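Trainee: Enclosed is the structure file data.txt (compact mmCIF, C-alpha atoms).
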# COMPACT_ATOMS: atom_id res chain seq x y z
CA MET A 1 55.76 -30.08 -5.07
CA LYS A 2 52.45 -29.67 -3.24
CA ALA A 3 49.02 -30.57 -4.61
CA VAL A 4 45.76 -29.74 -2.84
CA MET A 5 42.75 -31.94 -3.53
CA TYR A 6 39.60 -30.25 -2.19
CA GLY A 7 37.32 -33.23 -1.68
CA GLY A 8 38.52 -36.57 -0.35
CA GLY A 9 35.71 -38.65 -1.80
CA ASN A 10 35.58 -41.17 -4.62
CA ILE A 11 36.84 -38.93 -7.43
CA GLY A 12 39.25 -37.03 -5.18
CA ARG A 13 40.98 -40.15 -3.87
CA GLY A 14 40.14 -42.57 -6.67
CA PHE A 15 41.21 -40.41 -9.59
CA ILE A 16 42.67 -36.90 -9.22
CA GLY A 17 44.63 -37.44 -6.00
CA LEU A 18 46.05 -40.59 -7.56
CA LEU A 19 47.16 -38.73 -10.73
CA PHE A 20 48.73 -35.95 -8.65
CA SER A 21 50.68 -38.51 -6.64
CA GLN A 22 51.80 -40.43 -9.74
CA SER A 23 53.04 -37.10 -11.14
CA GLY A 24 55.38 -36.46 -8.20
CA TYR A 25 53.23 -34.28 -5.91
CA ASP A 26 52.75 -34.62 -2.16
CA VAL A 27 48.95 -34.60 -1.91
CA THR A 28 46.93 -32.87 0.81
CA PHE A 29 43.20 -33.48 0.90
CA ILE A 30 40.74 -30.97 2.34
CA ASP A 31 37.49 -32.53 3.51
CA VAL A 32 34.98 -32.33 6.35
CA ALA A 33 34.55 -36.09 6.78
CA GLU A 34 36.49 -36.49 10.03
CA PRO A 35 36.99 -40.30 9.81
CA VAL A 36 38.57 -39.90 6.36
CA VAL A 37 40.70 -36.91 7.42
CA ASP A 38 41.92 -38.73 10.54
CA ALA A 39 42.68 -41.95 8.65
CA LEU A 40 44.64 -40.13 5.93
CA ASN A 41 46.75 -38.32 8.54
CA ARG A 42 47.30 -41.52 10.47
CA GLU A 43 48.14 -43.84 7.55
CA LYS A 44 49.87 -41.28 5.25
CA ARG A 45 48.70 -43.42 2.32
CA TYR A 46 45.61 -45.16 0.95
CA PRO A 47 44.84 -47.98 -1.51
CA VAL A 48 43.17 -47.62 -4.90
CA ARG A 49 41.83 -50.89 -6.30
CA TYR A 50 41.48 -51.33 -10.06
CA VAL A 51 38.58 -53.69 -10.66
CA SER A 52 37.20 -55.47 -13.69
CA THR A 53 34.79 -58.34 -14.07
CA ASP A 54 37.55 -60.93 -13.80
CA LYS A 55 40.35 -59.39 -11.68
CA LYS A 56 41.48 -56.71 -9.22
CA GLU A 57 44.75 -54.94 -8.37
CA ASP A 58 45.67 -52.65 -5.46
CA ILE A 59 48.12 -49.75 -5.67
CA PHE A 60 48.98 -47.30 -2.87
CA VAL A 61 48.90 -43.53 -3.08
CA GLU A 62 51.56 -41.90 -0.88
CA PRO A 63 52.60 -39.65 0.77
CA VAL A 64 49.30 -38.00 1.61
CA SER A 65 47.90 -35.84 4.39
CA ALA A 66 44.57 -34.17 5.12
CA VAL A 67 43.09 -30.96 6.52
CA ASN A 68 39.64 -30.60 8.01
CA GLY A 69 37.72 -28.08 5.90
CA ASN A 70 36.08 -26.73 9.04
CA ASP A 71 39.49 -25.38 10.07
CA ALA A 72 39.22 -22.35 7.78
CA GLU A 73 42.62 -20.92 8.70
CA LEU A 74 44.54 -24.13 8.04
CA ALA A 75 42.56 -24.81 4.83
CA ALA A 76 43.38 -21.32 3.53
CA GLN A 77 47.07 -21.72 4.42
CA THR A 78 47.19 -25.04 2.60
CA ILE A 79 45.67 -23.49 -0.54
CA ALA A 80 48.00 -20.50 -0.32
CA ASP A 81 51.04 -22.79 -0.40
CA ALA A 82 49.87 -25.14 -3.16
CA ASP A 83 51.57 -25.66 -6.53
CA ILE A 84 48.42 -27.13 -8.10
CA MET A 85 44.88 -27.65 -6.82
CA ALA A 86 41.67 -29.43 -7.79
CA THR A 87 38.09 -29.63 -6.55
CA ALA A 88 35.83 -32.69 -6.56
CA VAL A 89 33.09 -31.99 -4.04
CA GLY A 90 29.88 -31.98 -6.07
CA VAL A 91 28.22 -28.98 -7.67
CA ARG A 92 25.97 -28.24 -4.69
CA ILE A 93 28.93 -28.09 -2.29
CA LEU A 94 30.96 -25.52 -4.25
CA LYS A 95 29.25 -22.61 -2.49
CA PHE A 96 30.35 -23.98 0.88
CA ILE A 97 34.04 -24.31 -0.04
CA ALA A 98 34.26 -20.97 -1.89
CA PRO A 99 35.00 -18.96 1.31
CA ASN A 100 38.01 -21.15 2.13
CA ILE A 101 39.29 -20.91 -1.44
CA ALA A 102 38.86 -17.12 -1.39
CA ALA A 103 40.73 -16.93 1.92
CA GLY A 104 43.55 -19.03 0.46
CA ILE A 105 43.74 -16.75 -2.58
CA ARG A 106 43.84 -13.68 -0.31
CA MET A 107 46.66 -15.20 1.73
CA ARG A 108 48.53 -16.16 -1.43
CA MET A 109 48.24 -12.59 -2.75
CA GLN A 110 49.51 -11.17 0.52
CA LYS A 111 52.54 -13.46 0.33
CA GLY A 112 53.24 -12.40 -3.25
CA GLY A 113 52.64 -15.96 -4.39
CA LYS A 114 52.86 -17.23 -7.95
CA PRO A 115 49.81 -18.11 -10.09
CA LEU A 116 47.71 -21.10 -9.05
CA ASP A 117 45.61 -23.26 -11.34
CA ILE A 118 42.54 -25.01 -9.91
CA ILE A 119 41.27 -28.01 -11.89
CA ILE A 120 37.49 -28.16 -11.45
CA CYS A 121 36.32 -31.77 -11.45
CA GLU A 122 32.58 -31.17 -11.17
CA ASN A 123 30.02 -32.66 -13.54
CA LEU A 124 28.60 -29.39 -14.87
CA ILE A 125 28.82 -27.26 -17.99
CA ASP A 126 30.36 -23.87 -17.14
CA ALA A 127 31.57 -25.06 -13.74
CA ASP A 128 34.40 -22.51 -14.05
CA LYS A 129 31.92 -19.64 -14.33
CA LEU A 130 29.97 -20.86 -11.31
CA LEU A 131 33.07 -21.20 -9.11
CA ASP A 132 34.35 -17.84 -10.33
CA SER A 133 31.16 -16.09 -9.21
CA LEU A 134 31.14 -17.91 -5.86
CA ILE A 135 34.75 -16.97 -5.07
CA ARG A 136 34.32 -13.32 -6.11
CA GLU A 137 31.60 -12.86 -3.49
CA HIS A 138 34.32 -13.12 -0.82
CA LEU A 139 36.98 -10.90 -2.43
CA THR A 140 37.51 -7.13 -2.47
CA GLU A 141 37.91 -5.32 -5.79
CA GLU A 142 41.70 -5.33 -5.41
CA GLU A 143 41.69 -9.03 -4.57
CA GLN A 144 39.43 -9.73 -7.57
CA ARG A 145 41.92 -8.07 -9.90
CA TRP A 146 44.72 -10.25 -8.52
CA PHE A 147 42.42 -13.28 -8.76
CA GLU A 148 41.68 -12.61 -12.45
CA LYS A 149 45.34 -12.35 -13.29
CA ASN A 150 46.75 -15.19 -11.20
CA ILE A 151 44.13 -17.90 -10.58
CA GLY A 152 43.22 -20.27 -13.41
CA LEU A 153 39.86 -22.02 -13.12
CA VAL A 154 40.37 -25.04 -15.35
CA GLU A 155 37.40 -27.17 -16.35
CA ALA A 156 37.97 -30.92 -16.53
CA SER A 157 36.05 -33.83 -18.00
CA ILE A 158 35.87 -36.75 -15.57
CA GLY A 159 35.51 -39.97 -17.53
CA ARG A 160 36.52 -42.49 -14.86
CA MET A 161 33.55 -44.34 -13.36
CA VAL A 162 33.79 -44.52 -9.58
CA PRO A 163 30.61 -45.90 -7.96
CA VAL A 164 29.43 -45.59 -4.37
CA GLN A 165 31.88 -47.60 -2.28
CA ILE A 166 29.99 -50.36 -0.48
CA GLU A 167 31.59 -52.11 2.51
CA GLU A 168 32.52 -55.09 0.35
CA MET A 169 34.59 -52.79 -1.88
CA LYS A 170 36.36 -51.18 1.07
CA ASP A 171 37.48 -54.68 2.05
CA GLY A 172 38.30 -53.69 5.62
CA ASN A 173 39.95 -50.35 4.78
CA LEU A 174 37.94 -47.14 5.13
CA LEU A 175 40.21 -45.40 2.61
CA ARG A 176 40.15 -47.98 -0.20
CA VAL A 177 38.49 -46.81 -3.42
CA CYS A 178 37.54 -49.24 -6.20
CA VAL A 179 37.75 -47.80 -9.71
CA GLU A 180 37.90 -48.83 -13.35
CA ARG A 181 41.23 -48.52 -15.15
CA TYR A 182 40.15 -45.76 -17.55
CA GLY A 183 42.17 -42.76 -16.41
CA PHE A 184 42.40 -39.92 -18.94
CA LEU A 185 41.81 -36.36 -17.71
CA PRO A 186 40.95 -33.85 -20.47
CA VAL A 187 41.27 -30.24 -19.25
CA ASP A 188 40.73 -26.77 -20.71
CA LYS A 189 44.13 -25.82 -22.12
CA SER A 190 43.20 -22.15 -22.54
CA ALA A 191 42.29 -21.64 -18.86
CA PHE A 192 45.72 -22.12 -17.26
CA LYS A 193 47.33 -18.99 -15.79
CA GLY A 194 50.64 -20.62 -14.92
CA PRO A 195 52.74 -23.05 -16.98
CA ILE A 196 50.71 -26.16 -17.79
CA PRO A 197 51.89 -28.79 -15.29
CA LYS A 198 52.95 -32.26 -16.35
CA ILE A 199 50.31 -34.49 -14.81
CA LYS A 200 49.97 -38.14 -15.79
CA ASN A 201 47.16 -38.78 -18.30
CA MET A 202 46.12 -35.10 -18.34
CA VAL A 203 45.08 -34.01 -21.83
CA PRO A 204 45.05 -30.19 -22.30
CA TYR A 205 42.66 -29.36 -25.15
CA THR A 206 40.95 -26.40 -26.79
CA PRO A 207 38.16 -25.67 -27.57
CA PHE A 208 37.22 -27.49 -24.39
CA GLY A 209 33.48 -27.39 -25.05
CA PHE A 210 34.03 -30.50 -27.17
CA TYR A 211 35.24 -32.60 -24.22
CA ILE A 212 32.61 -31.22 -21.85
CA GLU A 213 29.84 -32.14 -24.27
CA ARG A 214 31.45 -35.47 -25.16
CA LYS A 215 31.36 -36.44 -21.49
CA LEU A 216 27.91 -35.06 -20.70
CA TYR A 217 26.08 -35.76 -23.94
CA ILE A 218 27.61 -39.14 -24.81
CA HIS A 219 28.93 -40.80 -21.64
CA ASN A 220 26.58 -39.37 -18.99
CA MET A 221 23.59 -39.40 -21.32
CA GLY A 222 24.12 -43.03 -22.34
CA HIS A 223 24.66 -44.04 -18.71
CA ALA A 224 21.40 -42.33 -17.71
CA VAL A 225 19.38 -43.94 -20.51
CA CYS A 226 20.74 -47.33 -19.42
CA ALA A 227 19.78 -46.59 -15.80
CA TYR A 228 16.20 -45.51 -16.54
CA LEU A 229 15.48 -48.45 -18.83
CA GLY A 230 17.16 -50.83 -16.42
CA GLY A 231 15.12 -49.49 -13.53
CA TYR A 232 11.96 -49.81 -15.63
CA LEU A 233 12.71 -53.53 -16.05
CA GLY A 234 13.57 -53.98 -12.37
CA LYS A 235 17.31 -54.37 -12.92
CA GLU A 236 19.44 -53.35 -9.94
CA TYR A 237 22.83 -52.89 -11.61
CA ILE A 238 24.03 -51.15 -14.75
CA TYR A 239 25.85 -54.27 -15.93
CA GLN A 240 22.55 -56.18 -15.71
CA ALA A 241 20.71 -53.47 -17.66
CA ILE A 242 23.25 -53.28 -20.49
CA ASP A 243 23.16 -57.08 -20.75
CA ASP A 244 19.59 -56.76 -22.09
CA SER A 245 19.93 -56.70 -25.89
CA ASP A 246 17.12 -54.15 -26.42
CA ILE A 247 18.48 -51.78 -23.78
CA GLN A 248 21.97 -52.11 -25.23
CA TYR A 249 20.63 -51.29 -28.70
CA ILE A 250 18.83 -48.17 -27.43
CA VAL A 251 21.78 -46.96 -25.35
CA GLU A 252 24.24 -47.48 -28.19
CA ASN A 253 22.06 -45.64 -30.69
CA ALA A 254 21.41 -42.78 -28.26
CA MET A 255 25.16 -42.31 -27.85
CA LEU A 256 25.68 -42.57 -31.61
CA GLU A 257 23.15 -39.77 -32.12
CA SER A 258 25.15 -37.51 -29.82
CA ALA A 259 28.45 -38.62 -31.34
CA ARG A 260 27.35 -37.63 -34.83
CA ALA A 261 26.04 -34.30 -33.54
CA ALA A 262 29.30 -33.56 -31.67
CA ALA A 263 31.35 -34.42 -34.76
CA ARG A 264 29.35 -31.93 -36.81
CA GLN A 265 29.39 -29.24 -34.11
CA TYR A 266 33.14 -29.33 -33.51
CA GLY A 267 34.50 -30.80 -36.73
CA ALA A 268 35.75 -33.73 -34.65
CA ASP A 269 36.89 -37.13 -35.91
CA LEU A 270 33.69 -39.20 -36.08
CA GLU A 271 35.57 -42.48 -36.19
CA GLN A 272 37.26 -41.69 -32.86
CA LEU A 273 33.89 -40.80 -31.31
CA LEU A 274 32.39 -44.07 -32.55
CA LEU A 275 35.30 -45.95 -30.96
CA HIS A 276 34.62 -44.01 -27.75
CA VAL A 277 30.99 -45.20 -27.82
CA GLN A 278 32.10 -48.82 -28.19
CA ASP A 279 34.56 -48.41 -25.32
CA LEU A 280 31.80 -47.01 -23.09
CA LEU A 281 29.47 -49.90 -23.91
CA ALA A 282 32.19 -52.33 -22.83
CA ARG A 283 32.87 -50.34 -19.65
CA PHE A 284 29.19 -50.38 -18.70
CA THR A 285 29.44 -54.19 -18.46
CA ASN A 286 31.99 -54.02 -15.61
CA GLU A 287 30.26 -56.14 -12.99
CA ALA A 288 32.92 -55.48 -10.35
CA LEU A 289 31.99 -51.78 -10.15
CA GLN A 290 28.58 -52.77 -8.72
CA ASP A 291 27.16 -49.51 -10.09
CA THR A 292 23.41 -49.35 -9.58
CA CYS A 293 20.66 -48.05 -11.85
CA GLY A 294 19.42 -46.14 -8.82
CA ARG A 295 22.68 -44.21 -8.38
CA VAL A 296 23.28 -43.52 -12.06
CA GLY A 297 19.70 -42.34 -12.59
CA ALA A 298 19.56 -40.27 -9.40
CA ASP A 299 18.37 -36.66 -9.50
CA PRO A 300 16.31 -36.92 -12.71
CA ALA A 301 15.29 -33.28 -12.29
CA ARG A 302 18.87 -32.15 -12.91
CA LYS A 303 19.33 -34.63 -15.73
CA LEU A 304 16.23 -33.20 -17.43
CA SER A 305 17.38 -29.57 -17.22
CA ARG A 306 17.83 -27.69 -20.47
CA ARG A 307 21.61 -28.02 -20.78
CA ASP A 308 22.11 -31.33 -19.02
CA ARG A 309 22.65 -34.78 -20.51
CA LEU A 310 19.21 -35.67 -21.87
CA ILE A 311 17.64 -32.45 -23.10
CA GLY A 312 20.99 -30.82 -23.86
CA ALA A 313 22.01 -33.79 -26.02
CA SER A 314 18.60 -33.75 -27.74
CA MET A 315 18.89 -30.06 -28.57
CA LEU A 316 22.44 -30.49 -29.91
CA CYS A 317 21.19 -33.23 -32.23
CA VAL A 318 18.26 -31.13 -33.43
CA GLU A 319 20.58 -28.17 -34.08
CA GLN A 320 22.84 -30.42 -36.16
CA GLY A 321 20.00 -31.94 -38.19
CA ILE A 322 19.98 -35.30 -36.42
CA CYS A 323 16.82 -36.96 -35.06
CA PRO A 324 17.50 -37.89 -31.41
CA ALA A 325 14.79 -40.56 -31.24
CA TYR A 326 16.67 -42.79 -28.79
CA ILE A 327 17.61 -39.84 -26.56
CA PHE A 328 13.94 -38.78 -26.52
CA LEU A 329 13.14 -42.31 -25.32
CA GLY A 330 15.68 -41.98 -22.50
CA ALA A 331 14.30 -38.55 -21.54
CA ALA A 332 10.83 -40.08 -21.29
CA GLY A 333 12.26 -42.66 -18.88
CA ALA A 334 13.67 -39.83 -16.76
CA VAL A 335 10.26 -38.10 -16.66
CA TYR A 336 8.62 -41.37 -15.65
CA ARG A 337 11.13 -41.91 -12.83
CA TYR A 338 10.87 -38.28 -11.68
CA LEU A 339 7.09 -38.49 -11.28
CA GLU A 340 7.45 -41.86 -9.57
CA GLU A 341 9.94 -40.44 -7.05
CA GLN A 342 7.78 -37.36 -6.46
CA LYS A 343 4.78 -39.66 -5.92
CA GLU A 344 2.93 -37.66 -8.55
CA GLU A 345 0.26 -39.04 -10.85
CA GLN A 346 1.67 -40.65 -13.99
CA SER A 347 -0.27 -38.71 -16.61
CA MET A 348 0.37 -36.83 -19.83
CA GLU A 349 -0.62 -33.59 -18.10
CA GLN A 350 1.93 -34.06 -15.32
CA ALA A 351 4.62 -35.16 -17.76
CA ALA A 352 4.05 -32.10 -19.95
CA LYS A 353 4.31 -29.92 -16.85
CA VAL A 354 7.64 -31.53 -15.93
CA LEU A 355 9.05 -30.92 -19.41
CA LYS A 356 7.94 -27.31 -19.30
CA GLU A 357 9.26 -26.58 -15.81
CA LEU A 358 12.46 -28.64 -15.80
CA SER A 359 13.39 -28.83 -19.48
CA GLU A 360 11.92 -25.54 -20.73
CA LEU A 361 10.06 -27.43 -23.47
CA ASP A 362 6.57 -26.25 -24.29
CA GLU A 363 4.15 -29.12 -24.88
CA THR A 364 3.44 -27.77 -28.37
CA ALA A 365 7.11 -28.14 -29.33
CA GLY A 366 7.98 -31.08 -31.54
CA GLU A 367 10.66 -32.31 -29.12
CA ALA A 368 8.22 -32.37 -26.20
CA ALA A 369 5.61 -34.20 -28.27
CA LYS A 370 8.08 -36.98 -29.14
CA ILE A 371 9.23 -37.37 -25.53
CA LEU A 372 5.60 -37.49 -24.39
CA GLU A 373 4.86 -40.19 -26.96
CA PHE A 374 7.55 -42.40 -25.44
CA TYR A 375 6.40 -41.43 -21.95
CA GLY A 376 2.96 -42.79 -22.82
CA MET A 377 4.61 -46.12 -23.63
CA PHE A 378 6.17 -46.19 -20.15
CA CYS A 379 2.75 -45.47 -18.64
CA ARG A 380 1.07 -48.36 -20.43
CA ARG A 381 3.99 -50.63 -19.54
CA ALA A 382 5.07 -51.25 -23.11
CA SER A 383 8.03 -53.56 -23.58
CA VAL A 384 11.46 -52.10 -24.17
CA LYS A 385 11.43 -53.90 -27.53
CA GLU A 386 8.29 -51.95 -28.50
CA MET A 387 10.01 -48.71 -27.49
CA LYS A 388 13.05 -49.64 -29.56
CA GLN A 389 10.88 -50.36 -32.58
CA ARG A 390 9.08 -47.01 -32.21
CA ALA A 391 12.43 -45.20 -32.02
CA GLN A 392 13.56 -47.00 -35.17
CA LYS A 393 10.37 -45.92 -36.94
CA MET A 394 10.68 -42.32 -35.69
CA GLU A 395 14.21 -42.13 -37.03
CA ALA A 396 13.12 -43.60 -40.39
CA GLU A 397 10.25 -41.10 -40.60
CA TYR A 398 12.67 -38.25 -40.00
CA LEU A 399 15.04 -39.49 -42.67
CA GLY A 400 12.12 -39.85 -45.04
CA ASP A 401 11.16 -36.21 -44.45
CA ILE A 402 14.75 -35.13 -45.13
CA ILE A 403 14.92 -37.10 -48.37
Will you turn the file into structure tokens for me?
Mentor:
Amino acid sequence: MKAVMYGGGNIGRGFIGLLFSQSGYDVTFIDVAEPVVDALNREKRYPVRYVSTDKKEDIFVEPVSAVNGNDAELAAQTIADADIMATAVGVRILKFIAPNIAAGIRMRMQKGGKPLDIIICENLIDADKLLDSLIREHLTEEEQRWFEKNIGLVEASIGRMVPVQIEEMKDGNLLRVCVERYGFLPVDKSAFKGPIPKIKNMVPYTPFGFYIERKLYIHNMGHAVCAYLGGYLGKEYIYQAIDDSDIQYIVENAMLESARAAARQYGADLEQLLLHVQDLLARFTNEALQDTCGRVGADPARKLSRRDRLIGASMLCVEQGICPAYIFLGAAGAVYRYLEEQKEEQSMEQAAKVLKELSELDETAGEAAKILEFYGMFCRRASVKEMKQRAQKMEAEYLGDII
């Protein structure tokens, strides 16, 4: 059986390629990083290192091969012959790989090939719709009809944390990827066009919106809040930030807000979501991952967009009658970092402009006003303890209004 992993980076090698291999597939990576492509073809295997604060363990993924994505003909042929495929290239790169995928689909159609399911491992709500539109641009009407019937675009929720691989982690091997042990792969059960393959730790589920929002609005949101507060206190690493008792309290309560909202939205088991929050808090303490507040909090503009982790989680809470005080606090930290990175003046006027342009929140809206209140605390260099206490009071005021 042949699996194609489009993207030979941290998630491609450190998670999905590994699961494909453990499920009995020969794995071919498509990537444009020539040193990685050459090394995979030369070694025919690569090491994945499970790391925790107190130990590490290497396992090898084999057999593997690689194709340079700049070789459009060979990339298309590889896709045409695949039994299963996945992408993990980053949202902004999807438009660049769409032509090769379309060419592979065209070649597959011409060969009379069977249906192909593509697991989309990109951190974005509606990633399937985006990739669908990008692929269609390169197909004729006849090819689009075949595409609709035979190609499944399957959203996935990537929960494994795989940080930027520093030289120390590579430990002398360009291909080594250090990862945490968490390895479940929820996917959209309803999106498969062929028989659902048996892939280790894959969890087909419907309605899949639950898992997408669980990942984005609990895991990613909590991670981001931790990063912005950690950066505010001058912490370099996530494990250092979560070690601060006030930050941990805020992060935990922000995730609990989203967990309660998700349980109401989807009728999900709240107890299981609360256990998930506790598991995440423990995973954030993994010192061996060396995950930085800078990396986790990167691209605050995207994280502040209407449907992304901070504002999207806030709006879900509001819709479900839950006050997202701690998420508002985290969003304020993102605004503060965004203006800092843009070298803009830290002022209420600029912050309100950011919320309007990036988050689609008018400054007269109640949500914007609460975020701006916390933002003002960042500007006057309030302590994180003060911010925590204000969030506690805001939540109590909300509950008082409800009662």
Trainee: Go through A:Leu229, A:Ile101, A:Ala313, A:Ala282 one by one, measure the shortest atom-to-atom distance of each to Ala262 (chain A) using only C-alpha atoms, and give the residue with the smallest value.
Mentor: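 Under the stated criterion, the closest residue is A:Ala313.
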Trainee: Tell me, as a PyMOL selection string, which residues lie within 12 Å of Gly297 (chain A), counting all atoms listed in the file; anything in the same chain fewer than 2 positions away does not count.
Mentor: chain A and resi 220-232+236-238+291-295+299-304+309-310+330-331+333-338+341
Trainee: With the cut-off set at 8 Å and counting all atoms listed in the file, tabulate each residue of region 89-207 of chain A with an atom at most that distance from an atom of region 21-34 of chain A, showing the nearest atom pair and its distance in Å to one decimal, ordered by chain and increasing number, as a Markdown table.
Mentor:
| residue | atom | partner | partner_atom | distance |
| --- | --- | --- | --- | --- |
| A:Lys198 | CA | A:Ser23 | CA | 7.1 |
| A:Ile199 | CA | A:Ser23 | CA | 5.3 |
| A:Lys200 | CA | A:Ser23 | CA | 5.7 |
Trainee: Take CA of Asn201 (chain A) and CA of Leu185 (chain A) and report the distance between them in Å, one decimal.
Mentor: 5.9 Å
Trainee: Restricting the calculation to only C-alpha atoms, which member of A:Cys178, A:Val203, A:Met85, A:Ala39 is positioned closest to Lys55 (chain A)?
Mentor: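 The closest residue to Lys55 (chain A) is A:Cys178.
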Trainee: With all atoms listed in the file as the basis for distance, which of A:Ala98, A:Leu289, A:Ala352, A:Lys111 is at the shortest distance from Leu139 (chain A)?
Mentor: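 Counting all atoms listed in the file, the residue closest to Leu139 (chain A) is A:Ala98.
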Trainee: Counting all atoms listed in the file, what is within 10 Å of Ile311 (chain A), bar same-chain residues fewer than 2 positions away, as a list in words?
Mentor: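 Residues near the query, excluding close chain neighbours: Tyr217, Met221, Lys303, Leu304, Ser305, Arg306, Arg307, Asp308, Arg309, Ala313, Ser314, Met315, Leu316, Cys317, Pro324, Ile327, Phe328, Gly330, Ala331, Leu355, Leu358, Ser359, Glu360, Leu361, Glu367 and Ala368 of chain A.
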Trainee: Residues of the last selection are to be written out with C-alpha atoms, as a PDB file, in the coordinates of the input.
Mentor:
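Output file selection02.pdb is given in full below:
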ATOM      1  CA  TYR A 217      26.080 -35.760 -23.940  1.00  0.00           C
ATOM      2  CA  MET A 221      23.590 -39.400 -21.320  1.00  0.00           C
ATOM      3  CA  LYS A 303      19.330 -34.630 -15.730  1.00  0.00           C
ATOM      4  CA  LEU A 304      16.230 -33.200 -17.430  1.00  0.00           C
ATOM      5  CA  SER A 305      17.380 -29.570 -17.220  1.00  0.00           C
ATOM      6  CA  ARG A 306      17.830 -27.690 -20.470  1.00  0.00           C
ATOM      7  CA  ARG A 307      21.610 -28.020 -20.780  1.00  0.00           C
ATOM      8  CA  ASP A 308      22.110 -31.330 -19.020  1.00  0.00           C
ATOM      9  CA  ARG A 309      22.650 -34.780 -20.510  1.00  0.00           C
ATOM     10  CA  ALA A 313      22.010 -33.790 -26.020  1.00  0.00           C
ATOM     11  CA  SER A 314      18.600 -33.750 -27.740  1.00  0.00           C
ATOM     12  CA  MET A 315      18.890 -30.060 -28.570  1.00  0.00           C
ATOM     13  CA  LEU A 316      22.440 -30.490 -29.910  1.00  0.00           C
ATOM     14  CA  CYS A 317      21.190 -33.230 -32.230  1.00  0.00           C
ATOM     15  CA  PRO A 324      17.500 -37.890 -31.410  1.00  0.00           C
ATOM     16  CA  ILE A 327      17.610 -39.840 -26.560  1.00  0.00           C
ATOM     17  CA  PHE A 328      13.940 -38.780 -26.520  1.00  0.00           C
ATOM     18  CA  GLY A 330      15.680 -41.980 -22.500  1.00  0.00           C
ATOM     19  CA  ALA A 331      14.300 -38.550 -21.540  1.00  0.00           C
ATOM     20  CA  LEU A 355       9.050 -30.920 -19.410  1.00  0.00           C
ATOM     21  CA  LEU A 358      12.460 -28.640 -15.800  1.00  0.00           C
ATOM     22  CA  SER A 359      13.390 -28.830 -19.480  1.00  0.00           C
ATOM     23  CA  GLU A 360      11.920 -25.540 -20.730  1.00  0.00           C
ATOM     24  CA  LEU A 361      10.060 -27.430 -23.470  1.00  0.00           C
ATOM     25  CA  GLU A 367      10.660 -32.310 -29.120  1.00  0.00           C
ATOM     26  CA  ALA A 368       8.220 -32.370 -26.200  1.00  0.00           C
TER      27      ALA A 368
END
